[in-house]
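Okay, final-v3.txt is below, compact mmCIF, C-alpha atoms and all ligand atoms:
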# COMPACT_ATOMS: atom_id res chain seq x y z
CA MET A 32 49.40 -33.93 206.09
CA GLY A 33 46.84 -31.18 206.77
CA ASN A 34 45.01 -33.36 209.29
CA ILE A 35 48.19 -34.21 211.14
CA PHE A 36 49.04 -30.53 211.41
CA ILE A 37 45.53 -29.61 212.62
CA ASN A 38 45.49 -32.53 215.11
CA PHE A 39 48.88 -31.38 216.34
CA ILE A 40 47.48 -27.89 216.98
CA ILE A 41 44.27 -29.18 218.63
CA GLU A 42 45.87 -31.91 220.71
CA ALA A 43 49.00 -30.09 221.71
CA ASP A 44 49.31 -29.33 225.39
CA TRP A 45 49.69 -25.58 224.83
CA GLY A 46 50.09 -24.93 228.55
CA SER A 47 53.34 -26.84 228.75
CA LEU A 48 54.90 -25.43 225.54
CA GLU A 49 58.48 -24.29 225.72
CA ILE A 50 59.74 -21.24 223.80
CA ALA A 51 61.63 -23.63 221.49
CA ASP A 52 58.34 -25.33 220.56
CA ILE A 53 56.71 -21.97 219.74
CA ILE A 54 59.66 -21.05 217.50
CA ILE A 55 59.36 -24.38 215.68
CA VAL A 56 55.61 -23.81 215.12
CA LEU A 57 56.28 -20.29 213.79
CA LEU A 58 59.00 -21.63 211.44
CA ILE A 59 56.59 -24.27 210.10
CA VAL A 60 53.92 -21.58 209.51
CA LEU A 61 56.48 -19.35 207.72
CA PHE A 62 57.66 -22.27 205.57
CA VAL A 63 54.10 -23.23 204.55
CA PHE A 64 53.28 -19.56 203.73
CA SER A 65 56.45 -19.15 201.60
CA LEU A 66 55.73 -22.36 199.73
CA PHE A 67 52.18 -21.23 199.07
CA THR A 68 53.39 -17.81 197.74
CA ILE A 69 55.92 -19.44 195.41
CA ILE A 70 53.27 -21.78 194.01
CA ILE A 71 50.81 -18.93 193.40
CA ARG A 72 53.47 -16.77 191.67
CA THR A 73 54.51 -19.63 189.44
CA VAL A 74 50.90 -20.30 188.47
CA PHE A 75 50.45 -16.59 187.61
CA ARG A 76 53.58 -16.62 185.44
CA VAL A 77 52.42 -19.69 183.53
CA ILE A 78 48.93 -18.22 182.98
CA GLN A 79 50.37 -14.88 181.81
CA ALA A 80 52.79 -16.53 179.39
CA PHE A 81 50.04 -18.77 178.09
CA LEU A 82 47.58 -15.92 177.47
CA GLY A 83 50.22 -13.75 175.76
CA PHE A 84 50.18 -11.17 178.52
CA PHE A 85 53.88 -11.52 178.95
CA ILE A 86 54.99 -8.48 176.97
CA PRO A 87 58.57 -7.31 177.53
CA GLU A 88 59.06 -3.94 179.13
CA GLU A 89 59.90 -1.22 176.61
CA ASP A 90 63.49 -0.99 177.85
CA GLU A 91 64.07 -4.72 177.58
CA VAL A 92 63.90 -4.71 173.80
CA ILE A 93 67.17 -3.52 172.37
CA THR A 94 66.55 -0.72 169.89
CA GLU A 95 68.61 2.14 168.52
CA GLU A 96 67.10 4.45 171.10
CA ASN A 97 67.89 2.42 174.19
CA SER A 98 70.80 0.17 173.19
CA GLU A 99 73.16 2.13 175.43
CA ASP A 100 71.26 2.03 178.69
CA ILE A 101 69.82 -1.49 178.39
CA THR A 102 72.56 -2.92 180.62
CA SER A 103 71.80 -0.48 183.41
CA SER A 104 68.05 -1.04 183.40
CA PRO A 105 66.84 -2.54 186.67
CA LYS A 106 65.53 -6.08 186.69
CA LYS A 107 61.89 -6.18 185.75
CA GLN A 108 59.59 -6.56 188.70
CA PHE A 109 56.97 -9.23 188.47
CA LYS A 110 53.47 -7.81 188.57
CA PRO A 111 50.62 -10.33 188.51
CA PHE A 112 48.05 -9.55 185.79
CA ARG A 113 49.86 -6.49 184.47
CA LYS A 114 47.75 -4.96 181.70
CA LYS A 115 49.08 -5.48 178.20
CA PRO A 116 50.36 -2.08 176.96
CA LEU A 117 48.74 -0.75 173.79
CA ILE A 118 51.96 0.62 172.36
CA TYR A 119 55.32 -1.13 172.73
CA TRP A 120 58.44 -1.60 170.60
CA GLY A 121 57.78 -4.06 167.81
CA ALA A 122 53.99 -3.84 168.07
CA ASP A 123 51.87 -3.84 164.91
CA LEU A 124 50.35 -0.35 165.19
CA PRO A 125 47.46 1.12 163.17
CA TYR A 126 49.25 4.42 162.45
CA LYS A 127 50.55 6.08 159.28
CA LEU A 128 52.14 9.43 158.39
CA ASN A 129 49.87 12.12 156.95
CA LYS A 130 50.78 13.68 153.62
CA SER A 131 50.16 17.16 155.05
CA LEU A 132 48.98 18.85 158.21
CA LEU A 133 46.11 20.17 156.13
CA THR A 134 43.22 18.64 154.24
CA ASP A 135 43.03 19.34 150.49
CA ARG A 136 40.57 22.19 151.02
CA GLU A 137 42.62 23.70 153.84
CA SER A 138 45.70 23.41 151.64
CA GLU A 139 44.01 25.26 148.81
CA PHE A 140 42.96 27.97 151.27
CA PHE A 141 46.38 28.18 152.92
CA LYS A 142 48.13 28.82 149.59
CA ILE A 143 45.98 31.92 149.12
CA LEU A 144 45.87 33.03 152.75
CA GLU A 145 49.58 32.88 153.52
CA PRO A 146 50.83 35.55 151.04
CA ILE A 147 48.00 37.90 152.12
CA VAL A 148 48.81 37.49 155.80
CA ASN A 149 52.55 37.84 155.16
CA LYS A 150 51.94 41.04 153.15
CA TYR A 151 50.48 42.66 156.28
CA GLY A 152 53.44 41.50 158.36
CA PHE A 153 51.90 38.52 160.14
CA ARG A 154 52.43 34.75 160.06
CA VAL A 155 49.94 31.89 159.72
CA LYS A 156 50.06 28.92 162.08
CA SER A 157 47.89 25.95 161.21
CA LYS A 158 45.82 23.71 163.49
CA VAL A 159 46.54 25.42 166.75
CA ARG A 160 45.03 23.92 169.88
CA MET A 161 42.65 26.33 171.60
CA ALA A 162 44.39 25.72 174.91
CA ASP A 163 47.66 26.98 173.37
CA VAL A 164 46.03 30.27 172.36
CA ILE A 165 43.83 30.72 175.40
CA ASN A 166 44.60 30.43 179.08
CA LEU A 167 42.30 30.11 182.06
CA THR A 168 41.94 32.79 184.69
CA LEU A 169 41.29 30.03 187.22
CA ASP A 170 43.91 28.06 189.10
CA GLU A 171 44.01 24.26 188.70
CA SER A 172 42.94 23.83 192.29
CA GLN A 173 39.94 26.11 191.86
CA LYS A 174 36.41 24.89 191.35
CA ASN A 175 35.38 24.36 187.72
CA TYR A 176 38.95 24.64 186.34
CA TRP A 177 38.84 21.26 184.60
CA LYS A 178 35.30 21.83 183.37
CA TYR A 179 36.37 25.01 181.53
CA PHE A 180 39.72 23.55 180.49
CA LYS A 181 37.97 20.61 178.83
CA GLU A 182 36.14 23.04 176.53
CA ILE A 183 39.42 24.28 175.03
CA SER A 184 41.79 21.34 175.47
CA GLN A 185 40.54 19.21 172.60
CA LYS A 186 39.43 21.81 170.09
CA HIS A 187 41.65 23.38 167.46
CA PHE A 188 41.56 26.61 165.50
CA ASP A 189 42.09 26.07 161.75
CA PHE A 190 44.52 28.98 161.43
CA CYS A 191 45.98 31.37 163.97
CA ILE A 192 47.43 34.64 162.67
CA CYS A 193 50.39 35.67 164.81
CA ASP A 194 52.94 38.39 165.28
CA PRO A 195 56.03 37.15 163.36
CA ILE A 196 58.44 37.60 166.29
CA SER A 197 56.48 37.13 169.51
CA LEU A 198 53.94 34.75 167.96
CA ALA A 199 51.28 36.64 169.90
CA PRO A 200 47.88 35.58 168.52
CA VAL A 201 46.31 38.37 166.45
CA MET A 202 43.38 36.70 164.72
CA ILE A 203 41.73 33.32 164.30
CA ILE A 204 40.64 32.20 160.85
CA GLU A 205 38.23 29.32 160.53
CA LEU A 206 37.63 27.74 157.16
CA ASP A 207 34.01 26.66 157.25
CA ASP A 208 32.48 24.08 154.96
CA LYS A 209 29.54 21.69 154.87
CA SER A 210 30.90 19.76 157.86
CA HIS A 211 30.05 22.82 159.94
CA GLU A 212 26.34 22.19 159.41
CA SER A 213 26.23 19.24 161.83
CA GLU A 214 24.90 19.90 165.33
CA LYS A 215 28.22 18.96 166.91
CA ALA A 216 30.14 21.37 164.65
CA LYS A 217 27.61 24.13 165.27
CA LYS A 218 28.03 23.73 169.01
CA SER A 219 31.82 23.79 168.69
CA ASP A 220 31.66 26.88 166.43
CA ARG A 221 29.37 28.65 168.89
CA ILE A 222 31.76 27.94 171.77
CA LYS A 223 34.68 29.31 169.73
CA ASN A 224 32.68 32.43 168.82
CA ILE A 225 31.70 33.12 172.43
CA ILE A 226 35.16 32.52 173.88
CA CYS A 227 36.99 34.57 171.21
CA ASN A 228 34.53 37.41 171.68
CA HIS A 229 34.99 37.23 175.46
CA ILE A 230 38.80 37.45 175.33
CA GLY A 231 38.83 40.05 172.53
CA LEU A 232 40.40 37.82 169.88
CA LYS A 233 39.35 38.52 166.31
CA LEU A 234 37.66 35.54 164.67
CA LEU A 235 37.14 35.43 160.93
CA ARG A 236 35.02 32.73 159.32
CA ILE A 237 35.65 32.12 155.64
CA THR A 238 33.59 29.90 153.37
CA LEU A 239 34.67 31.21 149.97
CA ILE A 240 38.24 30.48 148.90
CA ASP A 241 38.99 33.58 146.86
CA ALA A 242 41.98 35.92 147.27
CA ILE A 243 40.11 39.26 147.04
CA HIS A 244 37.30 38.01 149.27
CA ILE A 245 39.76 36.76 151.90
CA GLU A 246 41.87 39.96 151.86
CA LYS A 247 38.82 42.22 152.19
CA HIS A 248 37.49 40.28 155.16
CA PHE A 249 40.92 39.91 156.75
CA VAL A 250 41.52 43.68 156.63
CA SER A 251 38.01 44.57 157.79
CA LYS A 252 38.60 42.57 161.01
CA PHE A 253 41.19 45.16 162.09
CA LYS A 254 38.49 47.84 162.07
CA ILE A 255 40.67 50.71 160.82
CA PRO A 256 38.77 53.74 162.14
CA CYS A 257 37.66 56.57 159.89
CA THR A 258 38.87 59.80 161.52
CA ASN A 259 36.10 61.70 159.84
CA CYS A 260 32.95 59.86 161.01
CA GLY A 261 33.96 57.08 163.39
CA GLY A 262 33.08 54.40 160.86
CA ILE A 263 35.64 51.85 159.71
CA TYR A 264 37.62 51.49 156.51
CA MET A 265 36.58 48.72 154.15
CA ILE A 266 38.56 47.37 151.22
CA ARG A 267 36.97 48.09 147.90
CA THR A 268 37.84 47.35 144.29
CA ASN A 269 38.26 50.17 141.83
CA SER A 270 35.85 49.14 139.06
CA LYS A 271 37.98 50.76 136.36
CA THR A 272 41.48 49.63 137.38
CA ASP A 273 40.54 46.57 139.51
CA GLU A 274 42.92 47.95 142.16
CA LEU A 275 42.11 47.62 145.84
CA PHE A 276 41.79 50.66 148.10
CA GLY A 277 40.48 51.55 151.54
CA GLY A 278 37.32 53.57 151.84
CA CYS A 279 35.02 54.57 154.70
CA SER A 280 32.17 52.11 155.30
CA ASN A 281 29.79 55.09 155.63
CA PHE A 282 30.67 56.42 152.20
CA GLN A 283 27.27 55.47 150.81
CA GLU A 284 25.01 55.63 153.89
CA THR A 285 25.99 58.96 155.45
CA LYS A 286 28.02 60.26 152.52
CA CYS A 287 31.18 60.42 154.65
CA ASN A 288 33.68 62.29 152.52
CA ALA A 289 36.84 60.91 154.17
CA PRO A 290 39.51 60.47 151.50
CA THR A 291 40.17 56.93 150.30
CA ILE A 292 43.48 55.37 151.30
CA SER A 293 45.92 53.23 149.33
CA MET A 294 46.66 49.62 150.32
CA ASP A 295 50.11 50.77 151.53
CA GLU A 296 48.35 53.15 153.89
CA VAL A 297 45.96 50.34 154.96
CA LYS A 298 49.01 48.21 155.79
CA LEU A 299 50.52 51.03 157.86
CA ARG A 300 47.31 51.58 159.81
CA ILE A 301 46.99 47.86 160.54
CA ALA A 302 50.58 47.79 161.84
CA GLN A 303 49.67 50.67 164.19
CA LEU A 304 46.54 48.85 165.41
CA ALA A 305 47.98 45.37 165.88
ZN ZN B 401 33.91 57.93 157.53

I need this file expressed as structure tokens, please.
Amino acid sequence: MGNIFINFIIEADWGSLEIADIIIVLLIVLFVFSLFTIIIRTVFRVIQAFLGFFIPEEDEVITEENSEDITSSPKKQFKPFRKKPLIYWGADLPYKLNKSLLTDRESEFFKILEPIVNKYGFRVKSKVRMADVINLTLDESQKNYWKYFKEISQKHFDFCICDPISLAPVMIIELDDKSHESEKAKKSDRIKNIICNHIGLKLLRITLIDAIHIEKHFVSKFKIPCTNCGGIYMIRTNSKTDELFGGCSNFQETKCNAPTISMDEVKLRIAQLA
């Protein structure tokens, strides 16, 4: 068959061809090409079905979510060697629901942290992505945008203290443990420290889960100024009554005699500063 066709082309007296002959030749070429395409497509379909690559499109499987629009979905287009999707309706997926957003240690910390933060009029948000707290000063089209974005897009802050209404970030609290001793964690911590310092966002690192310890450090981050000496107020414990109070950090060093302030006054001053 092939030889006859080739001989016909070689031996044909092309000089004396009529237009009708040329049309017939073109039609034969078109027919052979179409036949060839159909054969190739069929072979692809068989191979795909055989290798299990023939996964239905998501909208072809009737589920509760798409049962209404299944009839209007356009006919699936055949794509040779379409990659098998990782996630599709009915797939056996290696996922399960977490018991909590927090680990056990974070949970223990959160139970103590939340009432303290609420007392001073703020709210705690857990596991906040850095890129949701921090924005870039560069435009996407500008050089190095993606390089800097990458540094904040996949890292999370353990806890973000926010204004209760506007959710404006006020302070970051990181609960550090032994996992922070690895080189990778140290690098990540250093990046967080540098960035928070650069944008003027308070960052508190806590290792000891203790209510008094946490409250003292939380309050000290607001740097309530002493009007007497320019130092800052620290939270101290009255050794006789065990009550907390605010006192100037220079009380011992320079004998600043600024009066101590009650925790209600501390709360007021923080509200004025935040
Ligand atoms: Zn002072």

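CA of Lys217 (chain A) is found 23.5 Å from CA of Val201 (chain A).
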
Env. residues ligand ZN 401 (chain B) / 7 Å / all atoms listed in the file / as a count of residues only: 14

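With distances restricted to only C-alpha atoms, A:Phe140 is the closest residue to Asp207 (chain A) from A:Trp120, A:Phe276, A:Phe140, A:Tyr151.
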
If we count all atoms listed in the file, what is near Ala242 (chain A) at a cut-off of 12 Å, once residues fewer than 5 positions away on the same chain are taken out, given as a ChimeraX atom specification? /A:139-148,237,247-249,275

I want to know what sits within 12 Å of Val159 (chain A), based on all atoms listed in the file, with residues of the same chain fewer than 6 positions away left out; could you give that as a compact mmCIF listing (two decimals) with C-alpha atoms, keeping the file's coordinate frame?
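Contents of the output file selection-v1.txt:
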# COMPACT_ATOMS: atom_id res chain seq x y z
CA LEU A 132 48.98 18.85 158.21
CA LEU A 133 46.11 20.17 156.13
CA ILE A 165 43.83 30.72 175.40
CA ILE A 183 39.42 24.28 175.03
CA SER A 184 41.79 21.34 175.47
CA GLN A 185 40.54 19.21 172.60
CA LYS A 186 39.43 21.81 170.09
CA HIS A 187 41.65 23.38 167.46
CA PHE A 188 41.56 26.61 165.50
CA ASP A 189 42.09 26.07 161.75
CA PHE A 190 44.52 28.98 161.43
CA CYS A 191 45.98 31.37 163.97
CA ILE A 192 47.43 34.64 162.67
CA CYS A 193 50.39 35.67 164.81
CA LEU A 198 53.94 34.75 167.96
CA PRO A 200 47.88 35.58 168.52
CA MET A 202 43.38 36.70 164.72
CA ILE A 203 41.73 33.32 164.30
CA ILE A 204 40.64 32.20 160.85
CA GLU A 205 38.23 29.32 160.53

Computed gap from CA of Leu124 (chain A) to CA of Ala162 (chain A) is 28.5 Å

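One distance worth recording is that between CA of Glu274 (chain A) and CA of Arg236 (chain A), which is 24.3 Å.
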
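The shortest atom-to-atom distance to Val155 (chain A), with all atoms listed in the file taken into account, belongs to A:Asp194 out of A:Asp135, A:Tyr126, A:Asp194, A:Lys223.
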